[in-house]
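Engineer: Here you go, one structure.
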Amino acid sequence: MSRISRRIGAISESATLAVDAKAKALKAAGRPVIGFGAGEPDFPTPGYIVEAALKAATDPKNHRYSPAAGLPELREAIAEKTLRDSGYEISASQVLVTNGGKQAVYNTFATLLDPGDEVIVPAPYWTTYPEAIQLAGGKAVSIFAGPEQGYKVTVEQLESVLTDRTKVLLFVSPSNPTGAVYSPEQVRKIGQWAASKGLWVVTDEIYEHLTYGDASFSSIATLAPELEDRVVILNGVAKTYAMTGWRVGWMAGPADVIKAATNLQSHATSNVANVSQRAALAAVSGPLDAVNEMKTAFNRRRLAIVEGLNAIDGLHCPTPEGAFYAYSDVRGLLGREIRGVVNNTSAELAAFILEQAEVAVVPGEAFGPSGYIRMSYALGDADLAEGVARIAKLLGEAK
């Protein structure tokens with residue numbers, strides 16, 4: 001008999017966290033590795049949020065269990081924030097506070113899916129989505145949108161993979177890993193299509209505040225009211241407020257779905273740490289000044305990384321419109337010799353870059369087809385410039 005269940009044994013390690021862990025291990029060993037792997041802002045959490053947490057830690061009421069669904073005042077604040085930012089009106093009872101965005105993802109799919117149900121997952125996709133769907137008993141059906149279409153799927157593509165087992169469409173804009181942002185018209189069309197097919201839509205809005213240039217965030221829940229009560233919104237404080245380590249996310253949706261997901265969480269983890277919840281309350285209720293300061297830095301780095309990468313022969317990096325990732329097409333470098341080595345996949349190329357240039361990037365295999373690399377530009381300007389320079393020097397030797 002196997003020591004590990006088939007269900008858990010089939011799950012892969014998070015590729016992005018694995019790359020980040022390897023980069024940090026090499027750094028600890030004295031190697032001057034620059035990591036473009038993790039999607040983690042390099043800024044500290046804003047001071048007013050930290051102060052709220054410090055105050056909460058001294059209050060005995062936060063030393064005890066609290067409701068599994070979250071602190072009532074935080075759920076209310078999230079409902080108000082959802083109306084403010086997404087234009088979607090919900091009540092506090094339609095919010096479940098989770099231990100980070102990943103638990104919100106799993107809770108949602110575990111609540112919606114029965115064995116064999118299919119979820120359409122536009123690719124490139126965040127590496128956790130297919131694993132969470134599989135763990136919940138569902139089947140992820142991916143459809144790839146390449147750089148020639150801005151990494152954005154069309155209704156025609158979605159229609160091509162629709163079956164009688166399709167239950168959910170996963171929709172993400174701004175996107176991890178590509179930084180793609182769908183226009184309001186594209187969002188509306190996709191939402192109307194999903195509604196016409198009777199599908200649920202799970203929409204991840206965690207990068208809602210990180211858009212650049214003429215791009216803007218649009219919530220499918222608002223632009224496609226035809227979906228009615230078949231939308232679940234996923235979100236969290238990690239990216240917007242530089243709070244990745246605080247582990248606070250949430251799901252918002254129909255009351256029956258939230259109640260069922262709360263039942264699940266009551267047995268899995270119960271409440272999120274109260275001090276973290278108090279910090280999240282300060283974040284979602286407070287101003288966006290610190291967020292806008294971070295966004296200014298991200299925009300500067302976005303332009304710098306795109307310019308540097310596109311100067312490399314054989315590499316093409318579309319300009320991302322949101323989040324803080326650059327998703328480069330490296331197919332023009334595969335099969336070419338570099339320092340006596342021929343890399344035939346982006347996974348091989350990423351390993352080669354780490355070995356030869358001491359720069360950590362995530363290969364496209366983590367997000368869909370081979371032939372691409374993701375680089376987070378949520379790191380310091382100096383490290384970004386040095387990392388891109390090392391990559392350019394190495395890949396510039398391709399024959």
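Convention: chains lettered A, B, ... in structure tokens order; per-chain residue numbering from 1; ligands numbered from 1 as shown.
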So that I can check the surroundings of region 266-273 of chain A, please list as a list in words every protein, DNA and RNA residue that reaches within 8 Å of it, counting only C-alpha atoms and ignoring chain neighbours fewer than 5 positions away.

Structural biologist: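 Result of the neighbour search: Tyr65, Ser66, Pro67, Ala68, Ala69, Gly70, Val97, Thr98, Asn99, Arg247 and Val248 of chain A.
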
Engineer: I need the chosen residues saved as a PDB file, in the first residue's frame, with all heavy atoms.

Structural biologist:
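Wrote out36.pdb, looks like this:
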ATOM      1  N   TYR A  65     -10.523  32.440  20.527  1.00  0.00           N
ATOM      2  CA  TYR A  65     -11.188  32.088  19.280  1.00  0.00           C
ATOM      3  C   TYR A  65     -12.140  33.208  18.864  1.00  0.00           C
ATOM      4  O   TYR A  65     -12.727  33.890  19.708  1.00  0.00           O
ATOM      5  CB  TYR A  65     -12.021  30.812  19.447  1.00  0.00           C
ATOM      6  CG  TYR A  65     -11.230  29.545  19.638  1.00  0.00           C
ATOM      7  CD1 TYR A  65     -11.511  28.708  20.725  1.00  0.00           C
ATOM      8  CD2 TYR A  65     -10.247  29.153  18.734  1.00  0.00           C
ATOM      9  CE1 TYR A  65     -10.826  27.522  20.908  1.00  0.00           C
ATOM     10  CE2 TYR A  65      -9.548  27.977  18.916  1.00  0.00           C
ATOM     11  CZ  TYR A  65      -9.835  27.166  19.998  1.00  0.00           C
ATOM     12  OH  TYR A  65      -9.151  25.999  20.184  1.00  0.00           O
ATOM     13  N   SER A  66     -12.296  33.361  17.565  1.00  0.00           N
ATOM     14  CA  SER A  66     -13.310  34.270  17.027  1.00  0.00           C
ATOM     15  C   SER A  66     -14.095  33.498  15.969  1.00  0.00           C
ATOM     16  O   SER A  66     -13.737  32.366  15.622  1.00  0.00           O
ATOM     17  CB  SER A  66     -12.656  35.532  16.450  1.00  0.00           C
ATOM     18  OG  SER A  66     -11.739  35.220  15.428  1.00  0.00           O
ATOM     19  N   PRO A  67     -15.176  34.054  15.428  1.00  0.00           N
ATOM     20  CA  PRO A  67     -15.991  33.305  14.471  1.00  0.00           C
ATOM     21  C   PRO A  67     -15.176  32.769  13.293  1.00  0.00           C
ATOM     22  O   PRO A  67     -14.296  33.461  12.763  1.00  0.00           O
ATOM     23  CB  PRO A  67     -17.015  34.342  14.013  1.00  0.00           C
ATOM     24  CG  PRO A  67     -17.140  35.274  15.167  1.00  0.00           C
ATOM     25  CD  PRO A  67     -15.760  35.378  15.737  1.00  0.00           C
ATOM     26  N   ALA A  68     -15.473  31.550  12.894  1.00  0.00           N
ATOM     27  CA  ALA A  68     -14.724  30.912  11.799  1.00  0.00           C
ATOM     28  C   ALA A  68     -14.789  31.725  10.517  1.00  0.00           C
ATOM     29  O   ALA A  68     -13.839  31.732   9.725  1.00  0.00           O
ATOM     30  CB  ALA A  68     -15.257  29.504  11.558  1.00  0.00           C
ATOM     31  N   ALA A  69     -15.887  32.434  10.288  1.00  0.00           N
ATOM     32  CA  ALA A  69     -16.053  33.209   9.050  1.00  0.00           C
ATOM     33  C   ALA A  69     -15.296  34.524   9.072  1.00  0.00           C
ATOM     34  O   ALA A  69     -15.161  35.180   8.037  1.00  0.00           O
ATOM     35  CB  ALA A  69     -17.530  33.481   8.793  1.00  0.00           C
ATOM     36  N   GLY A  70     -14.781  34.922  10.243  1.00  0.00           N
ATOM     37  CA  GLY A  70     -14.049  36.173  10.335  1.00  0.00           C
ATOM     38  C   GLY A  70     -14.669  37.134  11.324  1.00  0.00           C
ATOM     39  O   GLY A  70     -15.846  36.992  11.696  1.00  0.00           O
ATOM     40  N   VAL A  97     -13.632  35.241   5.593  1.00  0.00           N
ATOM     41  CA  VAL A  97     -12.216  35.610   5.722  1.00  0.00           C
ATOM     42  C   VAL A  97     -11.399  34.331   5.829  1.00  0.00           C
ATOM     43  O   VAL A  97     -11.709  33.446   6.632  1.00  0.00           O
ATOM     44  CB  VAL A  97     -12.000  36.500   6.961  1.00  0.00           C
ATOM     45  CG1 VAL A  97     -10.528  36.906   7.075  1.00  0.00           C
ATOM     46  CG2 VAL A  97     -12.886  37.742   6.891  1.00  0.00           C
ATOM     47  N   THR A  98     -10.350  34.238   5.016  1.00  0.00           N
ATOM     48  CA  THR A  98      -9.568  33.005   4.907  1.00  0.00           C
ATOM     49  C   THR A  98      -8.098  33.232   5.231  1.00  0.00           C
ATOM     50  O   THR A  98      -7.612  34.358   5.261  1.00  0.00           O
ATOM     51  CB  THR A  98      -9.670  32.428   3.478  1.00  0.00           C
ATOM     52  OG1 THR A  98      -9.124  33.398   2.546  1.00  0.00           O
ATOM     53  CG2 THR A  98     -11.104  32.137   3.105  1.00  0.00           C
ATOM     54  N   ASN A  99      -7.404  32.134   5.466  1.00  0.00           N
ATOM     55  CA  ASN A  99      -5.967  32.188   5.738  1.00  0.00           C
ATOM     56  C   ASN A  99      -5.206  32.373   4.422  1.00  0.00           C
ATOM     57  O   ASN A  99      -4.647  31.436   3.851  1.00  0.00           O
ATOM     58  CB  ASN A  99      -5.511  30.905   6.442  1.00  0.00           C
ATOM     59  CG  ASN A  99      -6.008  30.834   7.865  1.00  0.00           C
ATOM     60  OD1 ASN A  99      -5.386  31.369   8.773  1.00  0.00           O
ATOM     61  ND2 ASN A  99      -7.157  30.195   8.058  1.00  0.00           N
ATOM     62  N   ARG A 247      -1.218  36.677   5.926  1.00  0.00           N
ATOM     63  CA  ARG A 247      -2.127  35.587   5.574  1.00  0.00           C
ATOM     64  C   ARG A 247      -3.589  35.931   5.821  1.00  0.00           C
ATOM     65  O   ARG A 247      -4.263  35.312   6.653  1.00  0.00           O
ATOM     66  CB  ARG A 247      -1.764  34.287   6.313  1.00  0.00           C
ATOM     67  CG  ARG A 247      -0.307  33.858   6.232  1.00  0.00           C
ATOM     68  CD  ARG A 247       0.273  33.901   4.831  1.00  0.00           C
ATOM     69  NE  ARG A 247      -0.476  33.090   3.904  1.00  0.00           N
ATOM     70  CZ  ARG A 247      -0.685  33.443   2.626  1.00  0.00           C
ATOM     71  NH1 ARG A 247      -0.254  34.608   2.161  1.00  0.00           N
ATOM     72  NH2 ARG A 247      -1.350  32.644   1.835  1.00  0.00           N
ATOM     73  N   VAL A 248      -4.092  36.917   5.084  1.00  0.00           N
ATOM     74  CA  VAL A 248      -5.510  37.251   5.137  1.00  0.00           C
ATOM     75  C   VAL A 248      -6.047  37.401   3.720  1.00  0.00           C
ATOM     76  O   VAL A 248      -5.591  38.266   2.952  1.00  0.00           O
ATOM     77  CB  VAL A 248      -5.782  38.554   5.918  1.00  0.00           C
ATOM     78  CG1 VAL A 248      -7.295  38.816   5.978  1.00  0.00           C
ATOM     79  CG2 VAL A 248      -5.209  38.475   7.328  1.00  0.00           C
TER      80      VAL A 248
END

Engineer: Do a neighbour search on Lys102 (chain A) at 9 Å with only C-alpha atoms, toss out local chain neighbours closer than 4 positions, and write the hits as a VMD selection string.

Structural biologist: chain A and resid 98 106 to 107 128 to 129 132 249

Engineer: Just want the 12 Å neighbourhood of Arg339 (chain A), counted on only C-alpha atoms, with same-chain residues fewer than 4 positions away dropped. Output as an NGL selection string.

Structural biologist: :A and (343 or 352-353 or 355-357 or 393-399)

Engineer: With N, CA, C and O atoms retained, could you export that selection as a PDB file, in the first residue's frame?

Structural biologist:
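Once everything was written out, this is selection34.pdb:
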ATOM      1  N   ASN A 343      19.347  24.406 -24.716  1.00  0.00           N
ATOM      2  CA  ASN A 343      18.149  24.251 -23.899  1.00  0.00           C
ATOM      3  C   ASN A 343      16.939  24.131 -24.819  1.00  0.00           C
ATOM      4  O   ASN A 343      16.710  24.994 -25.662  1.00  0.00           O
ATOM      5  N   PHE A 352      19.221  26.819 -16.412  1.00  0.00           N
ATOM      6  CA  PHE A 352      20.498  27.264 -16.967  1.00  0.00           C
ATOM      7  C   PHE A 352      20.796  28.705 -16.531  1.00  0.00           C
ATOM      8  O   PHE A 352      21.928  29.037 -16.174  1.00  0.00           O
ATOM      9  N   ILE A 353      19.783  29.563 -16.563  1.00  0.00           N
ATOM     10  CA  ILE A 353      19.956  30.961 -16.143  1.00  0.00           C
ATOM     11  C   ILE A 353      20.351  31.034 -14.669  1.00  0.00           C
ATOM     12  O   ILE A 353      21.217  31.821 -14.274  1.00  0.00           O
ATOM     13  N   GLU A 355      21.897  28.703 -12.946  1.00  0.00           N
ATOM     14  CA  GLU A 355      23.246  28.150 -12.795  1.00  0.00           C
ATOM     15  C   GLU A 355      24.316  29.099 -13.318  1.00  0.00           C
ATOM     16  O   GLU A 355      25.341  29.332 -12.660  1.00  0.00           O
ATOM     17  N   GLN A 356      24.087  29.662 -14.493  1.00  0.00           N
ATOM     18  CA  GLN A 356      25.119  30.449 -15.162  1.00  0.00           C
ATOM     19  C   GLN A 356      25.114  31.930 -14.782  1.00  0.00           C
ATOM     20  O   GLN A 356      26.162  32.568 -14.728  1.00  0.00           O
ATOM     21  N   ALA A 357      23.926  32.485 -14.551  1.00  0.00           N
ATOM     22  CA  ALA A 357      23.834  33.922 -14.274  1.00  0.00           C
ATOM     23  C   ALA A 357      23.447  34.214 -12.829  1.00  0.00           C
ATOM     24  O   ALA A 357      23.441  35.377 -12.421  1.00  0.00           O
ATOM     25  N   LYS A 393      23.455  39.423 -20.677  1.00  0.00           N
ATOM     26  CA  LYS A 393      24.812  39.008 -21.010  1.00  0.00           C
ATOM     27  C   LYS A 393      24.876  37.533 -21.364  1.00  0.00           C
ATOM     28  O   LYS A 393      25.517  37.124 -22.338  1.00  0.00           O
ATOM     29  N   LEU A 394      24.168  36.713 -20.574  1.00  0.00           N
ATOM     30  CA  LEU A 394      24.184  35.263 -20.807  1.00  0.00           C
ATOM     31  C   LEU A 394      23.467  34.920 -22.108  1.00  0.00           C
ATOM     32  O   LEU A 394      24.022  34.226 -22.978  1.00  0.00           O
ATOM     33  N   LEU A 395      22.230  35.389 -22.268  1.00  0.00           N
ATOM     34  CA  LEU A 395      21.451  35.011 -23.441  1.00  0.00           C
ATOM     35  C   LEU A 395      21.967  35.686 -24.717  1.00  0.00           C
ATOM     36  O   LEU A 395      21.673  35.219 -25.816  1.00  0.00           O
ATOM     37  N   GLY A 396      22.705  36.750 -24.531  1.00  0.00           N
ATOM     38  CA  GLY A 396      23.299  37.401 -25.694  1.00  0.00           C
ATOM     39  C   GLY A 396      24.359  36.556 -26.386  1.00  0.00           C
ATOM     40  O   GLY A 396      24.789  36.866 -27.501  1.00  0.00           O
ATOM     41  N   GLU A 397      24.773  35.472 -25.729  1.00  0.00           N
ATOM     42  CA  GLU A 397      25.765  34.563 -26.300  1.00  0.00           C
ATOM     43  C   GLU A 397      25.136  33.454 -27.134  1.00  0.00           C
ATOM     44  O   GLU A 397      25.847  32.571 -27.646  1.00  0.00           O
ATOM     45  N   ALA A 398      23.810  33.482 -27.267  1.00  0.00           N
ATOM     46  CA  ALA A 398      23.131  32.416 -28.009  1.00  0.00           C
ATOM     47  C   ALA A 398      23.561  32.399 -29.468  1.00  0.00           C
ATOM     48  O   ALA A 398      23.690  33.438 -30.110  1.00  0.00           O
ATOM     49  N   LYS A 399      23.771  31.202 -29.987  1.00  0.00           N
ATOM     50  CA  LYS A 399      24.223  31.025 -31.379  1.00  0.00           C
ATOM     51  C   LYS A 399      23.142  30.323 -32.189  1.00  0.00           C
ATOM     52  O   LYS A 399      22.430  29.479 -31.692  1.00  0.00           O
TER      53      LYS A 399
END

Engineer: Between A:Arg64, A:Arg7, A:Arg302, A:Lys259, which residue has the minimum interatomic distance to Ala136 (chain A), considering only C-alpha atoms?

Structural biologist: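 Nearest to Ala136 (chain A): A:Arg7.
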
Engineer: Choose the residue, out of A:Ala238, A:Ala224, A:Leu26, A:Ile143, that has the smallest atom-to-atom separation from Ser196 (chain A); count only C-alpha atoms.

Structural biologist: A:Ala224

Engineer: Just want the 9 Å neighbourhood of Val232 (chain A), counted on only C-alpha atoms, with same-chain residues fewer than 4 positions away dropped. Output as a list in words.

Structural biologist: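 Listing them by chain and then by number gives Thr108, Trp200, Val201, Val202, Thr203, Asp204, Ala221, Met251, Ala252, Gly253, Pro254 and Val257 of chain A.
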
Engineer: Hey, what's within 9 Å of Gly387 (chain A) if we count only C-alpha atoms and toss same-chain stuff fewer than 3 positions away? As an NGL selection string, please?

Structural biologist: :A and (33-36 or 357-360 or 382-384 or 390-392)

Engineer: For the residues selected in the previous step, produce a file with all heavy atoms as a short mmCIF file (atom, residue, chain, number, x, y, z; two decimals), in the first residue's frame.

Structural biologist:
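Here's the written file again-v8.cif:
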data_model
loop_
_atom_site.label_atom_id
_atom_site.label_comp_id
_atom_site.auth_asym_id
_atom_site.auth_seq_id
_atom_site.Cartn_x
_atom_site.Cartn_y
_atom_site.Cartn_z
N VAL A 33 22.68 35.43 -5.63
CA VAL A 33 21.52 35.15 -6.48
C VAL A 33 20.50 36.29 -6.38
O VAL A 33 20.23 36.82 -5.29
CB VAL A 33 20.85 33.83 -6.06
CG1 VAL A 33 19.53 33.62 -6.79
CG2 VAL A 33 21.78 32.66 -6.33
N ILE A 34 19.94 36.67 -7.53
CA ILE A 34 18.86 37.65 -7.59
C ILE A 34 17.60 36.89 -7.96
O ILE A 34 17.56 36.18 -8.96
CB ILE A 34 19.17 38.75 -8.62
CG1 ILE A 34 20.39 39.56 -8.16
CG2 ILE A 34 17.96 39.67 -8.82
CD1 ILE A 34 20.84 40.60 -9.14
N GLY A 35 16.57 37.04 -7.15
CA GLY A 35 15.34 36.26 -7.34
C GLY A 35 14.22 37.07 -7.97
O GLY A 35 13.79 38.08 -7.41
N PHE A 36 13.76 36.61 -9.13
CA PHE A 36 12.58 37.18 -9.78
C PHE A 36 11.39 36.23 -9.65
O PHE A 36 10.44 36.31 -10.41
CB PHE A 36 12.85 37.42 -11.27
CG PHE A 36 13.79 38.55 -11.57
CD1 PHE A 36 15.16 38.36 -11.62
CD2 PHE A 36 13.29 39.82 -11.83
CE1 PHE A 36 16.02 39.40 -11.92
CE2 PHE A 36 14.14 40.88 -12.14
CZ PHE A 36 15.51 40.66 -12.17
N ALA A 357 23.93 32.49 -14.55
CA ALA A 357 23.83 33.92 -14.27
C ALA A 357 23.45 34.21 -12.83
O ALA A 357 23.44 35.38 -12.42
CB ALA A 357 22.82 34.57 -15.22
N GLU A 358 23.12 33.18 -12.09
CA GLU A 358 22.69 33.32 -10.70
C GLU A 358 21.49 34.25 -10.58
O GLU A 358 21.43 35.14 -9.74
CB GLU A 358 23.85 33.79 -9.82
CG GLU A 358 24.97 32.76 -9.76
CD GLU A 358 26.11 33.15 -8.84
OE1 GLU A 358 26.58 34.29 -8.96
OE2 GLU A 358 26.52 32.31 -8.01
N VAL A 359 20.52 34.01 -11.47
CA VAL A 359 19.27 34.74 -11.47
C VAL A 359 18.13 33.71 -11.50
O VAL A 359 18.13 32.81 -12.35
CB VAL A 359 19.15 35.68 -12.68
CG1 VAL A 359 17.78 36.35 -12.72
CG2 VAL A 359 20.26 36.74 -12.65
N ALA A 360 17.17 33.86 -10.59
CA ALA A 360 16.07 32.91 -10.50
C ALA A 360 14.84 33.45 -11.21
O ALA A 360 14.36 34.55 -10.89
CB ALA A 360 15.73 32.63 -9.04
N ALA A 382 17.77 48.37 -8.04
CA ALA A 382 19.15 47.97 -8.29
C ALA A 382 19.24 46.48 -8.62
O ALA A 382 19.94 46.08 -9.56
CB ALA A 382 20.02 48.30 -7.08
N ASP A 383 18.54 45.65 -7.84
CA ASP A 383 18.55 44.21 -8.11
C ASP A 383 17.91 43.91 -9.46
O ASP A 383 18.38 43.03 -10.21
CB ASP A 383 17.78 43.46 -7.02
CG ASP A 383 18.62 43.23 -5.77
OD1 ASP A 383 19.84 43.45 -5.84
OD2 ASP A 383 18.05 42.82 -4.74
N LEU A 384 16.85 44.64 -9.79
CA LEU A 384 16.20 44.43 -11.09
C LEU A 384 17.16 44.72 -12.23
O LEU A 384 17.30 43.92 -13.16
CB LEU A 384 14.95 45.32 -11.19
CG LEU A 384 14.06 45.11 -12.42
CD1 LEU A 384 12.60 45.40 -12.07
CD2 LEU A 384 14.49 46.00 -13.59
N ARG A 390 22.50 40.62 -16.12
CA ARG A 390 23.12 39.28 -16.13
C ARG A 390 22.44 38.38 -17.15
O ARG A 390 23.12 37.64 -17.89
CB ARG A 390 22.99 38.65 -14.73
CG ARG A 390 23.82 39.28 -13.65
CD ARG A 390 23.68 38.45 -12.38
NE ARG A 390 24.12 39.12 -11.19
CZ ARG A 390 24.01 38.62 -9.96
NH1 ARG A 390 23.45 37.42 -9.78
NH2 ARG A 390 24.45 39.28 -8.91
N ILE A 391 21.11 38.41 -17.20
CA ILE A 391 20.39 37.59 -18.17
C ILE A 391 20.75 38.00 -19.59
O ILE A 391 20.97 37.16 -20.46
CB ILE A 391 18.86 37.70 -17.93
CG1 ILE A 391 18.49 37.06 -16.60
CG2 ILE A 391 18.09 37.05 -19.07
CD1 ILE A 391 17.03 37.24 -16.22
N ALA A 392 20.79 39.31 -19.83
CA ALA A 392 21.11 39.81 -21.17
C ALA A 392 22.51 39.37 -21.60
O ALA A 392 22.72 38.99 -22.75
CB ALA A 392 20.99 41.33 -21.19
#

Engineer: Listing only residues of region 96-199 of chain A within 10 Å of region 215-218 of chain A, what is the closest atom pair and its distance in Å (to one decimal) for each, using only C-alpha atoms, sorted by chain and residue number ascending, as a tab-separated table?

Structural biologist:
residue	atom	partner	partner_atom	distance
A:Ser173	CA	A:Phe217	CA	7.2
A:Pro174	CA	A:Phe217	CA	7.0
A:Ala180	CA	A:Ala215	CA	9.3
A:Val181	CA	A:Ala215	CA	6.6
A:Tyr182	CA	A:Ser218	CA	7.8
A:Ser183	CA	A:Ala215	CA	7.3
A:Pro184	CA	A:Ser218	CA	5.8
A:Glu185	CA	A:Ser218	CA	9.3
A:Gln186	CA	A:Ser218	CA	9.7
A:Val187	CA	A:Ser218	CA	7.1
A:Arg188	CA	A:Ser218	CA	9.0

Engineer: May I have the selected residues written with all heavy atoms, as a PDB file, in the first residue's frame?

Structural biologist:
ATOM      1  N   SER A 173      -8.227  39.022 -13.866  1.00  0.00           N
ATOM      2  CA  SER A 173      -7.762  40.263 -14.494  1.00  0.00           C
ATOM      3  C   SER A 173      -7.702  41.351 -13.428  1.00  0.00           C
ATOM      4  O   SER A 173      -8.725  41.616 -12.781  1.00  0.00           O
ATOM      5  CB  SER A 173      -8.723  40.683 -15.620  1.00  0.00           C
ATOM      6  OG  SER A 173      -8.359  41.935 -16.174  1.00  0.00           O
ATOM      7  N   PRO A 174      -6.519  41.943 -13.209  1.00  0.00           N
ATOM      8  CA  PRO A 174      -5.207  41.704 -13.802  1.00  0.00           C
ATOM      9  C   PRO A 174      -4.697  40.289 -13.495  1.00  0.00           C
ATOM     10  O   PRO A 174      -5.044  39.709 -12.471  1.00  0.00           O
ATOM     11  CB  PRO A 174      -4.309  42.758 -13.155  1.00  0.00           C
ATOM     12  CG  PRO A 174      -5.241  43.836 -12.700  1.00  0.00           C
ATOM     13  CD  PRO A 174      -6.488  43.107 -12.282  1.00  0.00           C
ATOM     14  N   ALA A 180      -1.685  40.691 -17.823  1.00  0.00           N
ATOM     15  CA  ALA A 180      -2.719  41.099 -18.778  1.00  0.00           C
ATOM     16  C   ALA A 180      -3.922  41.674 -18.037  1.00  0.00           C
ATOM     17  O   ALA A 180      -4.303  41.192 -16.971  1.00  0.00           O
ATOM     18  CB  ALA A 180      -3.147  39.907 -19.627  1.00  0.00           C
ATOM     19  N   VAL A 181      -4.519  42.706 -18.629  1.00  0.00           N
ATOM     20  CA  VAL A 181      -5.728  43.318 -18.075  1.00  0.00           C
ATOM     21  C   VAL A 181      -6.770  43.381 -19.184  1.00  0.00           C
ATOM     22  O   VAL A 181      -6.543  43.990 -20.234  1.00  0.00           O
ATOM     23  CB  VAL A 181      -5.457  44.739 -17.539  1.00  0.00           C
ATOM     24  CG1 VAL A 181      -6.744  45.362 -16.998  1.00  0.00           C
ATOM     25  CG2 VAL A 181      -4.379  44.715 -16.454  1.00  0.00           C
ATOM     26  N   TYR A 182      -7.908  42.746 -18.973  1.00  0.00           N
ATOM     27  CA  TYR A 182      -8.981  42.747 -19.967  1.00  0.00           C
ATOM     28  C   TYR A 182      -9.690  44.101 -19.965  1.00  0.00           C
ATOM     29  O   TYR A 182      -9.877  44.714 -18.905  1.00  0.00           O
ATOM     30  CB  TYR A 182      -9.996  41.648 -19.665  1.00  0.00           C
ATOM     31  CG  TYR A 182      -9.517  40.243 -19.941  1.00  0.00           C
ATOM     32  CD1 TYR A 182      -8.607  39.608 -19.085  1.00  0.00           C
ATOM     33  CD2 TYR A 182      -9.978  39.538 -21.046  1.00  0.00           C
ATOM     34  CE1 TYR A 182      -8.171  38.317 -19.329  1.00  0.00           C
ATOM     35  CE2 TYR A 182      -9.559  38.234 -21.297  1.00  0.00           C
ATOM     36  CZ  TYR A 182      -8.648  37.631 -20.440  1.00  0.00           C
ATOM     37  OH  TYR A 182      -8.223  36.345 -20.687  1.00  0.00           O
ATOM     38  N   SER A 183     -10.077  44.549 -21.146  1.00  0.00           N
ATOM     39  CA  SER A 183     -10.834  45.796 -21.250  1.00  0.00           C
ATOM     40  C   SER A 183     -12.241  45.576 -20.716  1.00  0.00           C
ATOM     41  O   SER A 183     -12.727  44.433 -20.649  1.00  0.00           O
ATOM     42  CB  SER A 183     -10.915  46.249 -22.708  1.00  0.00           C
ATOM     43  OG  SER A 183     -11.779  45.383 -23.446  1.00  0.00           O
ATOM     44  N   PRO A 184     -12.947  46.662 -20.335  1.00  0.00           N
ATOM     45  CA  PRO A 184     -14.328  46.493 -19.863  1.00  0.00           C
ATOM     46  C   PRO A 184     -15.209  45.747 -20.860  1.00  0.00           C
ATOM     47  O   PRO A 184     -16.036  44.918 -20.458  1.00  0.00           O
ATOM     48  CB  PRO A 184     -14.797  47.936 -19.655  1.00  0.00           C
ATOM     49  CG  PRO A 184     -13.549  48.687 -19.332  1.00  0.00           C
ATOM     50  CD  PRO A 184     -12.489  48.048 -20.185  1.00  0.00           C
ATOM     51  N   GLU A 185     -15.035  46.020 -22.141  1.00  0.00           N
ATOM     52  CA  GLU A 185     -15.856  45.345 -23.152  1.00  0.00           C
ATOM     53  C   GLU A 185     -15.547  43.850 -23.201  1.00  0.00           C
ATOM     54  O   GLU A 185     -16.453  43.015 -23.328  1.00  0.00           O
ATOM     55  CB  GLU A 185     -15.635  45.975 -24.523  1.00  0.00           C
ATOM     56  CG  GLU A 185     -16.506  45.384 -25.630  1.00  0.00           C
ATOM     57  CD  GLU A 185     -17.999  45.487 -25.335  1.00  0.00           C
ATOM     58  OE1 GLU A 185     -18.407  46.420 -24.610  1.00  0.00           O
ATOM     59  OE2 GLU A 185     -18.757  44.632 -25.814  1.00  0.00           O
ATOM     60  N   GLN A 186     -14.263  43.489 -23.098  1.00  0.00           N
ATOM     61  CA  GLN A 186     -13.893  42.078 -23.080  1.00  0.00           C
ATOM     62  C   GLN A 186     -14.454  41.388 -21.842  1.00  0.00           C
ATOM     63  O   GLN A 186     -14.954  40.259 -21.915  1.00  0.00           O
ATOM     64  CB  GLN A 186     -12.362  41.944 -23.112  1.00  0.00           C
ATOM     65  CG  GLN A 186     -11.739  42.331 -24.433  1.00  0.00           C
ATOM     66  CD  GLN A 186     -10.221  42.394 -24.339  1.00  0.00           C
ATOM     67  OE1 GLN A 186      -9.656  42.885 -23.353  1.00  0.00           O
ATOM     68  NE2 GLN A 186      -9.533  41.913 -25.373  1.00  0.00           N
ATOM     69  N   VAL A 187     -14.373  42.062 -20.701  1.00  0.00           N
ATOM     70  CA  VAL A 187     -14.910  41.498 -19.456  1.00  0.00           C
ATOM     71  C   VAL A 187     -16.410  41.264 -19.589  1.00  0.00           C
ATOM     72  O   VAL A 187     -16.934  40.200 -19.222  1.00  0.00           O
ATOM     73  CB  VAL A 187     -14.613  42.444 -18.273  1.00  0.00           C
ATOM     74  CG1 VAL A 187     -15.313  41.936 -17.003  1.00  0.00           C
ATOM     75  CG2 VAL A 187     -13.117  42.555 -18.031  1.00  0.00           C
ATOM     76  N   ARG A 188     -17.108  42.242 -20.123  1.00  0.00           N
ATOM     77  CA  ARG A 188     -18.567  42.145 -20.273  1.00  0.00           C
ATOM     78  C   ARG A 188     -18.947  40.978 -21.190  1.00  0.00           C
ATOM     79  O   ARG A 188     -19.853  40.187 -20.858  1.00  0.00           O
ATOM     80  CB  ARG A 188     -19.116  43.452 -20.831  1.00  0.00           C
ATOM     81  CG  ARG A 188     -20.646  43.483 -20.947  1.00  0.00           C
ATOM     82  CD  ARG A 188     -21.141  44.840 -21.444  1.00  0.00           C
ATOM     83  NE  ARG A 188     -20.881  45.904 -20.481  1.00  0.00           N
ATOM     84  CZ  ARG A 188     -19.943  46.844 -20.630  1.00  0.00           C
ATOM     85  NH1 ARG A 188     -19.185  46.852 -21.728  1.00  0.00           N
ATOM     86  NH2 ARG A 188     -19.773  47.773 -19.724  1.00  0.00           N
TER      87      ARG A 188
END

Engineer: DSSP on the backbone: which residues in region 236-339 of chain A end up as strand (DSSP E)? Give the answer as a ChimeraX atom specification.

Structural biologist: /A:236,249-252,325-329,337-338
